[in-house]
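Take a look at the structure set out below.
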Amino acid sequence: MFTEAIAAFAPRLPLAVAYSGGADSSALLRACVARWPGQVHAVHVHHGLQAAADDFETHCRDTCAALGVPLAVAHVQARHARGQSPEDAARRARYTAIAEVAARDWGEGGPRDVALAQHADDQVETIVLALSRGAGLPGLAAMPAQWEHGGLRFHRPLLQVPGAALRAWLAEQGAAWIEDPSNADTAYLRNGIRAELLPVLERLFPAFRSTFARSAAHAAEAQELLRGLAEQDLQATGMPPAIAALQALARARQANALRHWLAEVHGTAPSAAQLAELLDQIDACRTRGHRLHLKVGAGFVRRSGALLDWYNPALSS
């Protein structure tokens, strides 16, 4: 299954592989080097979140030297903001750091495609976490197989491959990797899902990885349709949206358009309660003197004449 996934992977070359030193990224890096010798770079993100981080970097440098793979290292401080999960903060910092490495170290003619080693088990964990939080379609769509950020195209070619298949392949190669000690800490919800829930799913629903992946694909397809509808509605309401034009839309379409506006323009997301209150206030906003000022996401939505406005006081000061 792993070798088939690598055979089907068709990135632009040269290719960069995000390499942590763990089993998953070790398998991806070695398989890509074997398929495209001389065309693969590696990038290691040093988060500085635990004492072993320096040892991870040393292992990655030694392995890349042995493989003849150029390695770039990015140091980040992935502190999370209030209301943001540490995992999300680390992920965002990681992608930004990789984009900075591309500009700093790779230059013209360097990699513009980056491969990440998340696999089928990671995808299932993401879906379960989304369900536990009552997420909508964007959360249930889980991790995309491909997207762009910072001028780079990111790929996840292993989303159909179980994690055990990667470790089995590495064992066949006689290749070493490092174990992140934090992966065994079930105080982290994702680790608890991996250690306790996935074995139960394996026993009750042996095909759960593929069926969960299909559900995520259906959610992603539906979300793409909603995105197109939001863009269409926001062309009619304007950006920032006009209150009267929003009122002309059905409530569900208002909600969809507002989520899209807040996410795409302001990089924030409302809670379900915040969005419901905002929709109620928009509906009540029928007179010139009606005031609107609500906490939404990381900032506030307020009325500005005939329009809605969003601002974050921390960014304005």
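Numbering starts fresh at 1 for the residues of each chain in the structure tokens, the chains themselves are lettered A, B, ... in the order given, and ligands are numbered from 1 as they appear.
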
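Within segment 52-285 of chain A, DSSP run on the backbone puts these residues in strand (DSSP E): A:Leu71, A:Ala72, A:Val73, A:Ala74, A:His75, A:Asp113, A:Val114, A:Ala115, A:Gln146, A:Trp147, A:Glu148, A:His149, A:Leu152, A:Arg153, A:Phe154, A:His155.
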
Residue subset to file, keeping N, CA and C atoms, as a PDB file, in the first residue's frame:
ATOM      1  N   LEU A  71      19.639  19.503   3.689  1.00  0.00           N
ATOM      2  CA  LEU A  71      18.701  19.719   4.780  1.00  0.00           C
ATOM      3  C   LEU A  71      18.709  21.184   5.191  1.00  0.00           C
ATOM      4  N   ALA A  72      17.522  21.758   5.300  1.00  0.00           N
ATOM      5  CA  ALA A  72      17.354  23.100   5.857  1.00  0.00           C
ATOM      6  C   ALA A  72      16.623  22.961   7.179  1.00  0.00           C
ATOM      7  N   VAL A  73      17.045  23.717   8.181  1.00  0.00           N
ATOM      8  CA  VAL A  73      16.431  23.667   9.505  1.00  0.00           C
ATOM      9  C   VAL A  73      15.820  25.030   9.816  1.00  0.00           C
ATOM     10  N   ALA A  74      14.579  25.008  10.254  1.00  0.00           N
ATOM     11  CA  ALA A  74      13.884  26.233  10.653  1.00  0.00           C
ATOM     12  C   ALA A  74      13.558  26.151  12.132  1.00  0.00           C
ATOM     13  N   HIS A  75      13.925  27.172  12.890  1.00  0.00           N
ATOM     14  CA  HIS A  75      13.613  27.238  14.316  1.00  0.00           C
ATOM     15  C   HIS A  75      12.386  28.132  14.509  1.00  0.00           C
ATOM     16  N   ASP A 113       7.251  22.338  -4.284  1.00  0.00           N
ATOM     17  CA  ASP A 113       6.327  21.333  -3.781  1.00  0.00           C
ATOM     18  C   ASP A 113       6.924  20.729  -2.513  1.00  0.00           C
ATOM     19  N   VAL A 114       6.075  20.546  -1.512  1.00  0.00           N
ATOM     20  CA  VAL A 114       6.514  20.011  -0.221  1.00  0.00           C
ATOM     21  C   VAL A 114       5.619  18.835   0.146  1.00  0.00           C
ATOM     22  N   ALA A 115       6.230  17.712   0.483  1.00  0.00           N
ATOM     23  CA  ALA A 115       5.481  16.513   0.874  1.00  0.00           C
ATOM     24  C   ALA A 115       5.458  16.385   2.393  1.00  0.00           C
ATOM     25  N   GLN A 146      -3.992  18.128  -0.847  1.00  0.00           N
ATOM     26  CA  GLN A 146      -3.124  19.115  -1.505  1.00  0.00           C
ATOM     27  C   GLN A 146      -3.692  20.508  -1.263  1.00  0.00           C
ATOM     28  N   TRP A 147      -2.816  21.461  -1.037  1.00  0.00           N
ATOM     29  CA  TRP A 147      -3.221  22.872  -0.917  1.00  0.00           C
ATOM     30  C   TRP A 147      -1.978  23.742  -1.088  1.00  0.00           C
ATOM     31  N   GLU A 148      -2.184  25.051  -1.160  1.00  0.00           N
ATOM     32  CA  GLU A 148      -1.074  25.984  -1.356  1.00  0.00           C
ATOM     33  C   GLU A 148      -0.995  26.966  -0.193  1.00  0.00           C
ATOM     34  N   HIS A 149       0.236  27.320   0.152  1.00  0.00           N
ATOM     35  CA  HIS A 149       0.477  28.268   1.235  1.00  0.00           C
ATOM     36  C   HIS A 149       1.850  28.895   1.015  1.00  0.00           C
ATOM     37  N   LEU A 152       3.992  27.911  -1.948  1.00  0.00           N
ATOM     38  CA  LEU A 152       4.374  26.507  -2.063  1.00  0.00           C
ATOM     39  C   LEU A 152       3.129  25.649  -2.231  1.00  0.00           C
ATOM     40  N   ARG A 153       3.295  24.502  -2.868  1.00  0.00           N
ATOM     41  CA  ARG A 153       2.216  23.523  -2.983  1.00  0.00           C
ATOM     42  C   ARG A 153       2.541  22.373  -2.050  1.00  0.00           C
ATOM     43  N   PHE A 154       1.653  22.158  -1.063  1.00  0.00           N
ATOM     44  CA  PHE A 154       1.848  21.099  -0.080  1.00  0.00           C
ATOM     45  C   PHE A 154       1.052  19.867  -0.492  1.00  0.00           C
ATOM     46  N   HIS A 155       1.638  18.690  -0.246  1.00  0.00           N
ATOM     47  CA  HIS A 155       1.006  17.415  -0.597  1.00  0.00           C
ATOM     48  C   HIS A 155       1.002  16.489   0.607  1.00  0.00           C
TER      49      HIS A 155
END

DSSP-assigned helix (DSSP H, G or I) among segment 14-223 of chain A, expressed as a PyMOL selection string | chain A and resi 23-35+53-67+86-106+120-132+137-140+163-173+181-184+189-204+208-223

12 Å contact set for Gly289 of chain A, only C-alpha atoms, chain neighbours under 2 positions out, as a ChimeraX atom specification = /A:284-287,291-292,303-306

Please provide the set of residues having any atom within 12 Å of Glu4 of chain A, restricted to only C-alpha atoms, with same-chain residues fewer than 4 positions apart removed, written as a list in words.
-> Ala8, Phe9, Ala10, Ala31, Pro157, Leu158, Gln160, Val161, Ala165 and Leu166 of chain A

Kindly save the residues from that selection, with all heavy atoms included, as a PDB file, in the first residue's frame.
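Final output, saved to selection-v2.pdb:
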ATOM      1  N   ALA A   8       2.139   6.503  -7.077  1.00  0.00           N
ATOM      2  CA  ALA A   8       1.082   7.363  -7.614  1.00  0.00           C
ATOM      3  C   ALA A   8       1.348   8.846  -7.367  1.00  0.00           C
ATOM      4  O   ALA A   8       0.679   9.703  -7.959  1.00  0.00           O
ATOM      5  CB  ALA A   8      -0.259   6.980  -6.991  1.00  0.00           C
ATOM      6  N   PHE A   9       2.304   9.154  -6.528  1.00  0.00           N
ATOM      7  CA  PHE A   9       2.606  10.539  -6.166  1.00  0.00           C
ATOM      8  C   PHE A   9       3.335  11.211  -7.329  1.00  0.00           C
ATOM      9  O   PHE A   9       4.346  10.713  -7.807  1.00  0.00           O
ATOM     10  CB  PHE A   9       3.449  10.539  -4.900  1.00  0.00           C
ATOM     11  CG  PHE A   9       3.786  11.893  -4.341  1.00  0.00           C
ATOM     12  CD1 PHE A   9       2.924  12.968  -4.477  1.00  0.00           C
ATOM     13  CD2 PHE A   9       4.979  12.081  -3.649  1.00  0.00           C
ATOM     14  CE1 PHE A   9       3.239  14.208  -3.951  1.00  0.00           C
ATOM     15  CE2 PHE A   9       5.304  13.304  -3.102  1.00  0.00           C
ATOM     16  CZ  PHE A   9       4.436  14.372  -3.260  1.00  0.00           C
ATOM     17  N   ALA A  10       2.828  12.358  -7.771  1.00  0.00           N
ATOM     18  CA  ALA A  10       3.406  13.018  -8.949  1.00  0.00           C
ATOM     19  C   ALA A  10       3.615  14.503  -8.686  1.00  0.00           C
ATOM     20  O   ALA A  10       2.948  15.358  -9.276  1.00  0.00           O
ATOM     21  CB  ALA A  10       2.503  12.813 -10.166  1.00  0.00           C
ATOM     22  N   ALA A  31      11.667   6.928   0.767  1.00  0.00           N
ATOM     23  CA  ALA A  31      11.000   6.466  -0.450  1.00  0.00           C
ATOM     24  C   ALA A  31      11.120   7.494  -1.572  1.00  0.00           C
ATOM     25  O   ALA A  31      11.317   7.131  -2.742  1.00  0.00           O
ATOM     26  CB  ALA A  31       9.532   6.176  -0.160  1.00  0.00           C
ATOM     27  N   PRO A 157       0.662  12.683   0.393  1.00  0.00           N
ATOM     28  CA  PRO A 157       0.449  11.521  -0.482  1.00  0.00           C
ATOM     29  C   PRO A 157       0.102  10.234   0.245  1.00  0.00           C
ATOM     30  O   PRO A 157      -0.196   9.228  -0.401  1.00  0.00           O
ATOM     31  CB  PRO A 157       1.803  11.387  -1.194  1.00  0.00           C
ATOM     32  CG  PRO A 157       2.791  11.962  -0.231  1.00  0.00           C
ATOM     33  CD  PRO A 157       2.077  13.087   0.467  1.00  0.00           C
ATOM     34  N   LEU A 158       0.132  10.242   1.591  1.00  0.00           N
ATOM     35  CA  LEU A 158      -0.021   8.993   2.343  1.00  0.00           C
ATOM     36  C   LEU A 158      -1.353   8.889   3.092  1.00  0.00           C
ATOM     37  O   LEU A 158      -1.497   8.048   3.975  1.00  0.00           O
ATOM     38  CB  LEU A 158       1.130   8.851   3.351  1.00  0.00           C
ATOM     39  CG  LEU A 158       2.546   8.973   2.779  1.00  0.00           C
ATOM     40  CD1 LEU A 158       3.572   8.815   3.889  1.00  0.00           C
ATOM     41  CD2 LEU A 158       2.778   7.969   1.664  1.00  0.00           C
ATOM     42  N   GLN A 160      -4.045   7.563   2.424  1.00  0.00           N
ATOM     43  CA  GLN A 160      -4.725   6.268   2.312  1.00  0.00           C
ATOM     44  C   GLN A 160      -3.898   5.132   2.914  1.00  0.00           C
ATOM     45  O   GLN A 160      -4.284   3.960   2.825  1.00  0.00           O
ATOM     46  CB  GLN A 160      -5.001   5.952   0.824  1.00  0.00           C
ATOM     47  CG  GLN A 160      -5.826   7.004   0.109  1.00  0.00           C
ATOM     48  CD  GLN A 160      -7.232   7.119   0.658  1.00  0.00           C
ATOM     49  OE1 GLN A 160      -7.856   6.120   1.011  1.00  0.00           O
ATOM     50  NE2 GLN A 160      -7.745   8.337   0.729  1.00  0.00           N
ATOM     51  N   VAL A 161      -2.769   5.458   3.533  1.00  0.00           N
ATOM     52  CA  VAL A 161      -1.830   4.434   4.016  1.00  0.00           C
ATOM     53  C   VAL A 161      -1.858   4.366   5.539  1.00  0.00           C
ATOM     54  O   VAL A 161      -1.626   5.381   6.211  1.00  0.00           O
ATOM     55  CB  VAL A 161      -0.401   4.751   3.536  1.00  0.00           C
ATOM     56  CG1 VAL A 161       0.568   3.656   3.987  1.00  0.00           C
ATOM     57  CG2 VAL A 161      -0.358   4.928   2.023  1.00  0.00           C
ATOM     58  N   ALA A 165       1.827   0.423   8.126  1.00  0.00           N
ATOM     59  CA  ALA A 165       2.474   0.064   6.857  1.00  0.00           C
ATOM     60  C   ALA A 165       3.780   0.831   6.672  1.00  0.00           C
ATOM     61  O   ALA A 165       4.739   0.309   6.092  1.00  0.00           O
ATOM     62  CB  ALA A 165       1.525   0.335   5.691  1.00  0.00           C
ATOM     63  N   LEU A 166       3.836   2.061   7.155  1.00  0.00           N
ATOM     64  CA  LEU A 166       5.073   2.844   7.057  1.00  0.00           C
ATOM     65  C   LEU A 166       6.167   2.239   7.926  1.00  0.00           C
ATOM     66  O   LEU A 166       7.318   2.107   7.486  1.00  0.00           O
ATOM     67  CB  LEU A 166       4.808   4.293   7.473  1.00  0.00           C
ATOM     68  CG  LEU A 166       3.693   5.036   6.755  1.00  0.00           C
ATOM     69  CD1 LEU A 166       3.581   6.466   7.266  1.00  0.00           C
ATOM     70  CD2 LEU A 166       3.925   5.051   5.250  1.00  0.00           C
TER      71      LEU A 166
END

Near-Val296 of chain A list (10 Å; only C-alpha atoms; drop same-chain fewer than 2 positions) as a ChimeraX atom specification = /A:262,268-275,277-278,293-294,298-302,310-312

Where does segment 74-155 of chain A meet segment 175-199 of chain A within 10 Å, residue by residue, with the nearest atom pair and distance in Å to one decimal for each, counting only C-alpha atoms, listed by chain and rising number, as a Markdown table?
| residue | atom | partner | partner_atom | distance |
| --- | --- | --- | --- | --- |
| A:Glu87 | CA | A:Arg190 | CA | 9.8 |
| A:Asp121 | CA | A:Arg194 | CA | 7.7 |
| A:Asp122 | CA | A:Arg194 | CA | 8.5 |
| A:Val124 | CA | A:Leu198 | CA | 8.4 |
| A:Glu125 | CA | A:Arg190 | CA | 6.3 |
| A:Thr126 | CA | A:Arg190 | CA | 8.0 |
| A:Val128 | CA | A:Ile193 | CA | 8.0 |
| A:Leu129 | CA | A:Arg190 | CA | 7.4 |

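Minimum atom-to-atom distance to Ala216 of chain A, evaluated using only C-alpha atoms, belongs to A:Leu131 out of A:Ala97, A:Leu131, A:Ala34, A:Met239.
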
Given only C-alpha atoms as the counted atoms, nearest of A:Cys32, A:Ala245, A:Leu201, A:Leu170 to Leu307 of chain A = A:Ala245

Considering only C-alpha atoms, return as a PDB file with C-alpha atoms, in the first residue's frame whatever protein or nucleic-acid residues lie within 10 Å of Ala230 of chain A, sequence-local ones (same chain, fewer than 2 positions apart) excluded.
ATOM      1  CA  GLU A 224     -16.430  23.386  -1.807  1.00  0.00           C
ATOM      2  CA  LEU A 225     -20.004  23.930  -2.998  1.00  0.00           C
ATOM      3  CA  LEU A 226     -20.746  26.091   0.054  1.00  0.00           C
ATOM      4  CA  ARG A 227     -17.590  28.073  -0.594  1.00  0.00           C
ATOM      5  CA  GLY A 228     -18.730  28.813  -4.140  1.00  0.00           C
ATOM      6  CA  GLN A 232     -21.491  34.329  -5.059  1.00  0.00           C
ATOM      7  CA  ASP A 233     -23.509  35.803  -2.178  1.00  0.00           C
ATOM      8  CA  LEU A 234     -20.664  38.065  -1.065  1.00  0.00           C
ATOM      9  CA  GLN A 235     -20.453  39.479  -4.574  1.00  0.00           C
ATOM     10  CA  ALA A 236     -24.055  40.594  -4.040  1.00  0.00           C
ATOM     11  CA  ARG A 253     -27.002  31.491   3.424  1.00  0.00           C
ATOM     12  CA  GLN A 254     -26.306  34.466   5.675  1.00  0.00           C
ATOM     13  CA  ALA A 255     -24.426  32.167   8.049  1.00  0.00           C
ATOM     14  CA  ASN A 256     -22.447  30.624   5.203  1.00  0.00           C
ATOM     15  CA  ALA A 257     -21.516  34.014   3.738  1.00  0.00           C
ATOM     16  CA  LEU A 258     -20.515  35.441   7.126  1.00  0.00           C
ATOM     17  CA  ARG A 259     -18.317  32.440   7.965  1.00  0.00           C
ATOM     18  CA  HIS A 260     -16.562  32.832   4.618  1.00  0.00           C
ATOM     19  CA  TRP A 261     -16.095  36.602   5.052  1.00  0.00           C
TER      20      TRP A 261
END

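Going from atom CA of Gln223 of chain A to atom CA of Val265 of chain A covers 17.7 Å.
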
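Using only C-alpha atoms, the smallest distance between any of A:Leu204, A:Val69, A:Ser20, A:Gly267 and Asp55 of chain A comes from A:Ser20.
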